[in-house]
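Listing of input_37.pdb, PDB, C-alpha atoms
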```
MODEL        1
ATOM      1  CA  MET A   1     -17.007 119.168-207.453
ATOM      2  CA  ALA A   2     -14.871 117.623-204.707
ATOM      3  CA  LYS A   3     -17.818 115.482-203.686
ATOM      4  CA  ASN A   4     -18.159 114.164-207.256
ATOM      5  CA  ASN A   5     -14.446 113.294-207.370
ATOM      6  CA  LYS A   6     -14.784 111.425-204.094
ATOM      7  CA  VAL A   7     -17.786 109.481-205.423
ATOM      8  CA  ILE A   8     -15.925 108.625-208.635
ATOM      9  CA  LYS A   9     -12.877 107.501-206.640
ATOM     10  CA  GLU A  10     -15.047 105.314-204.394
ATOM     11  CA  GLN A  11     -16.735 103.802-207.449
ATOM     12  CA  ARG A  12     -13.329 102.923-208.928
ATOM     13  CA  ILE A  13     -12.247 101.344-205.645
ATOM     14  CA  TYR A  14     -15.503  99.380-205.469
ATOM     15  CA  GLN A  15     -15.102  98.237-209.084
ATOM     16  CA  ASN A  16     -11.504  97.195-208.406
ATOM     17  CA  LEU A  17     -12.643  95.213-205.365
ATOM     18  CA  GLN A  18     -15.326  93.504-207.434
ATOM     19  CA  GLU A  19     -12.752  92.517-210.068
ATOM     20  CA  ARG A  20     -10.386  91.136-207.418
ATOM     21  CA  TYR A  21     -13.256  89.265-205.786
ATOM     22  CA  GLN A  22     -14.165  87.685-209.124
ATOM     23  CA  GLU A  23     -10.537  86.658-209.734
ATOM     24  CA  MET A  24     -10.323  85.095-206.284
ATOM     25  CA  ASN A  25     -13.665  83.373-206.744
ATOM     26  CA  ASP A  26     -12.545  81.876-210.074
ATOM     27  CA  PHE A  27      -9.277  80.733-208.477
ATOM     28  CA  LEU A  28     -11.086  79.095-205.559
ATOM     29  CA  LEU A  29     -13.582  77.376-207.860
ATOM     30  CA  GLY A  30     -10.613  75.935-209.775
ATOM     31  CA  LEU A  31      -9.047  74.692-206.537
ATOM     32  CA  ILE A  32     -12.322  73.105-205.451
ATOM     33  CA  ASP A  33     -12.653  71.360-208.819
ATOM     34  CA  ASP A  34      -9.053  70.083-208.627
ATOM     35  CA  HIS A  35      -9.665  68.841-205.088
ATOM     36  CA  LYS A  36     -12.800  66.928-206.119
ATOM     37  CA  ARG A  37     -10.926  65.275-208.994
ATOM     38  CA  SER A  38      -8.046  64.375-206.676
ATOM     39  CA  GLU A  39     -10.448  62.835-204.152
ATOM     40  CA  GLU A  40     -12.046  60.766-206.916
ATOM     41  CA  ASP A  41      -8.629  59.618-208.170
ATOM     42  CA  LEU A  42      -7.633  58.692-204.623
ATOM     43  CA  ARG A  43     -10.802  56.644-204.219
ATOM     44  CA  TYR A  44     -10.102  54.765-207.466
ATOM     45  CA  LEU A  45      -6.484  54.147-206.472
ATOM     46  CA  SER A  46      -7.501  52.901-203.039
ATOM     47  CA  ASP A  47     -10.139  50.576-204.472
ATOM     48  CA  PHE A  48      -7.712  49.357-207.143
ATOM     49  CA  ILE A  49      -5.110  48.511-204.498
ATOM     50  CA  HIS A  50      -7.728  46.577-202.570
ATOM     51  CA  TYR A  51      -9.064  44.883-205.747
ATOM     52  CA  LYS A  52      -5.574  43.695-206.707
ATOM     53  CA  LYS A  53      -4.962  42.559-203.107
ATOM     54  CA  LEU A  54      -1.950  44.849-202.802
ATOM     55  CA  ASP A  55      -2.856  46.271-199.393
ATOM     56  CA  GLU A  56       0.176  44.801-197.594
ATOM     57  CA  GLU A  57       2.586  45.815-200.356
ATOM     58  CA  PHE A  58       1.180  49.347-200.355
ATOM     59  CA  ARG A  59       1.509  49.565-196.579
ATOM     60  CA  TYR A  60       5.139  48.378-196.816
ATOM     61  CA  PHE A  61       5.893  50.909-199.547
ATOM     62  CA  LYS A  62       4.232  53.689-197.565
ATOM     63  CA  GLU A  63       6.305  52.890-194.473
ATOM     64  CA  HIS A  64       9.667  52.407-196.212
ATOM     65  CA  ALA A  65       9.676  54.609-199.301
ATOM     66  CA  HIS A  66      11.904  57.656-199.506
ATOM     67  CA  GLU A  67      12.228  60.511-201.943
ATOM     68  CA  ASP A  68      14.799  60.038-204.703
ATOM     69  CA  VAL A  69      16.261  63.462-205.401
ATOM     70  CA  ASP A  70      19.530  62.288-206.943
ATOM     71  CA  SER A  71      18.004  61.087-210.186
ATOM     72  CA  GLU A  72      18.522  62.846-213.494
ATOM     73  CA  LEU A  73      14.858  63.792-213.603
ATOM     74  CA  PRO A  74      13.940  67.405-212.789
ATOM     75  CA  PHE A  75      11.565  66.221-210.037
ATOM     76  CA  SER A  76      11.781  63.783-207.163
ATOM     77  CA  TYR A  77       9.700  60.647-206.695
ATOM     78  CA  LEU A  78       9.288  57.933-204.085
ATOM     79  CA  VAL A  79      11.375  54.753-204.262
ATOM     80  CA  LEU A  80      12.219  51.864-201.940
TER
ENDMDL
END
```
Show me this structure written as structure tokens.
Amino acid sequence: MAKNNKVIKEQRIYQNLQERYQEMNDFLLGLIDDHKRSEEDLRYLSDFIHYKKLDEEFRYFKEHAHEDVDSELPFSYLVL
């Protein structure tokens, strides 16, 4: 009887681990998908900047921009 209880307990632990693994796997797949979309967006933005011949202006903005946290918006953003 004690052996059966131990087996049942181990099966529950194993099932719980499988469920947690599946949750983590789903979470990681979502992160990977978000990362791929972000990389694609970055590529389009980079090519757009080059297409519009804004490379120098982008470089200037990148070097001199700072975060505006004093605005009335609930989030900060970069400004010159």
(message) Which residues are near region 54-65 of chain A? Cut-off 8 Å, all atoms listed in the file, ignore same chain within fewer than 6 positions. Put them as a PyMOL selection string.
(response) chain A and resi 78-80
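Taking CA of Leu31 (chain A) and CA of Tyr44 (chain A) as endpoints, the distance between them is 20.0 Å.
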Each side padded by 3 Å, which centre and which edge lengths in Å (one decimal) define the axis-aligned box around the listed atoms of region 69-74 of chain A? Give them as lines of an AutoDock Vina configuration file.
```
center_x = 16.7
center_y = 64.2
center_z = -209.5
size_x = 11.6
size_y = 12.3
size_z = 14.2
```
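Interatomic distance, CA of Ile49 (chain A) to CA of Asp68 (chain A): 23.0 Å.
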(message) What does the structure give for the distance between CA of His35 (chain A) and CA of Glu67 (chain A), in Å to one decimal?
(response) 23.6 Å
Taking the partial coordinates given, rebuild region 50-73 of chain A to contain N, CA and C atoms; return it as a PDB file, keeping the file's coordinate frame.
```pdb
ATOM      1  N   HIS A  50      -6.978  47.623-203.265  1.00  0.00           N
ATOM      2  CA  HIS A  50      -7.728  46.577-202.570  1.00  0.00           C
ATOM      3  C   HIS A  50      -8.151  45.473-203.542  1.00  0.00           C
ATOM      4  N   TYR A  51      -8.625  45.848-204.730  1.00  0.00           N
ATOM      5  CA  TYR A  51      -9.064  44.883-205.747  1.00  0.00           C
ATOM      6  C   TYR A  51      -7.926  43.950-206.151  1.00  0.00           C
ATOM      7  N   LYS A  52      -6.745  44.489-206.308  1.00  0.00           N
ATOM      8  CA  LYS A  52      -5.574  43.695-206.707  1.00  0.00           C
ATOM      9  C   LYS A  52      -4.912  42.987-205.526  1.00  0.00           C
ATOM     10  N   LYS A  53      -5.496  43.160-204.338  1.00  0.00           N
ATOM     11  CA  LYS A  53      -4.962  42.559-203.107  1.00  0.00           C
ATOM     12  C   LYS A  53      -3.510  42.985-202.863  1.00  0.00           C
ATOM     13  N   LEU A  54      -3.280  44.282-202.994  1.00  0.00           N
ATOM     14  CA  LEU A  54      -1.950  44.849-202.802  1.00  0.00           C
ATOM     15  C   LEU A  54      -1.861  45.678-201.517  1.00  0.00           C
ATOM     16  N   ASP A  55      -2.800  45.466-200.614  1.00  0.00           N
ATOM     17  CA  ASP A  55      -2.856  46.271-199.393  1.00  0.00           C
ATOM     18  C   ASP A  55      -1.563  46.190-198.584  1.00  0.00           C
ATOM     19  N   GLU A  56      -1.055  44.975-198.378  1.00  0.00           N
ATOM     20  CA  GLU A  56       0.176  44.801-197.594  1.00  0.00           C
ATOM     21  C   GLU A  56       1.369  45.435-198.297  1.00  0.00           C
ATOM     22  N   GLU A  57       1.470  45.242-199.605  1.00  0.00           N
ATOM     23  CA  GLU A  57       2.586  45.815-200.356  1.00  0.00           C
ATOM     24  C   GLU A  57       2.530  47.347-200.336  1.00  0.00           C
ATOM     25  N   PHE A  58       1.326  47.899-200.430  1.00  0.00           N
ATOM     26  CA  PHE A  58       1.180  49.347-200.355  1.00  0.00           C
ATOM     27  C   PHE A  58       1.589  49.857-198.978  1.00  0.00           C
ATOM     28  N   ARG A  59       1.150  49.162-197.939  1.00  0.00           N
ATOM     29  CA  ARG A  59       1.509  49.565-196.579  1.00  0.00           C
ATOM     30  C   ARG A  59       3.038  49.537-196.388  1.00  0.00           C
ATOM     31  N   TYR A  60       3.680  48.483-196.914  1.00  0.00           N
ATOM     32  CA  TYR A  60       5.139  48.378-196.816  1.00  0.00           C
ATOM     33  C   TYR A  60       5.804  49.544-197.557  1.00  0.00           C
ATOM     34  N   PHE A  61       5.331  49.811-198.761  1.00  0.00           N
ATOM     35  CA  PHE A  61       5.893  50.909-199.547  1.00  0.00           C
ATOM     36  C   PHE A  61       5.705  52.236-198.825  1.00  0.00           C
ATOM     37  N   LYS A  62       4.529  52.448-198.269  1.00  0.00           N
ATOM     38  CA  LYS A  62       4.232  53.689-197.565  1.00  0.00           C
ATOM     39  C   LYS A  62       5.147  53.885-196.362  1.00  0.00           C
ATOM     40  N   GLU A  63       5.463  52.808-195.667  1.00  0.00           N
ATOM     41  CA  GLU A  63       6.305  52.890-194.473  1.00  0.00           C
ATOM     42  C   GLU A  63       7.791  53.019-194.804  1.00  0.00           C
ATOM     43  N   HIS A  64       8.228  52.485-195.938  1.00  0.00           N
ATOM     44  CA  HIS A  64       9.667  52.407-196.212  1.00  0.00           C
ATOM     45  C   HIS A  64      10.155  53.236-197.397  1.00  0.00           C
ATOM     46  N   ALA A  65       9.263  53.838-198.120  1.00  0.00           N
ATOM     47  CA  ALA A  65       9.676  54.609-199.301  1.00  0.00           C
ATOM     48  C   ALA A  65      10.355  55.909-198.873  1.00  0.00           C
ATOM     49  N   HIS A  66      11.254  56.364-199.733  1.00  0.00           N
ATOM     50  CA  HIS A  66      11.904  57.656-199.506  1.00  0.00           C
ATOM     51  C   HIS A  66      11.964  58.395-200.842  1.00  0.00           C
ATOM     52  N   GLU A  67      12.201  59.681-200.756  1.00  0.00           N
ATOM     53  CA  GLU A  67      12.228  60.511-201.943  1.00  0.00           C
ATOM     54  C   GLU A  67      13.588  60.408-202.628  1.00  0.00           C
ATOM     55  N   ASP A  68      13.574  60.116-203.915  1.00  0.00           N
ATOM     56  CA  ASP A  68      14.799  60.038-204.703  1.00  0.00           C
ATOM     57  C   ASP A  68      15.027  61.387-205.370  1.00  0.00           C
ATOM     58  N   VAL A  69      15.979  62.136-204.843  1.00  0.00           N
ATOM     59  CA  VAL A  69      16.261  63.462-205.401  1.00  0.00           C
ATOM     60  C   VAL A  69      17.550  63.465-206.218  1.00  0.00           C
ATOM     61  N   ASP A  70      18.258  62.352-206.236  1.00  0.00           N
ATOM     62  CA  ASP A  70      19.530  62.288-206.943  1.00  0.00           C
ATOM     63  C   ASP A  70      19.398  61.824-208.388  1.00  0.00           C
ATOM     64  N   SER A  71      18.189  61.575-208.828  1.00  0.00           N
ATOM     65  CA  SER A  71      18.004  61.087-210.186  1.00  0.00           C
ATOM     66  C   SER A  71      18.257  62.217-211.184  1.00  0.00           C
ATOM     67  N   GLU A  72      18.297  61.862-212.446  1.00  0.00           N
ATOM     68  CA  GLU A  72      18.522  62.846-213.494  1.00  0.00           C
ATOM     69  C   GLU A  72      17.232  63.561-213.886  1.00  0.00           C
ATOM     70  N   LEU A  73      16.128  63.138-213.304  1.00  0.00           N
ATOM     71  CA  LEU A  73      14.858  63.792-213.603  1.00  0.00           C
ATOM     72  C   LEU A  73      14.783  65.130-212.885  1.00  0.00           C
TER      73      LEU A  73
END
```
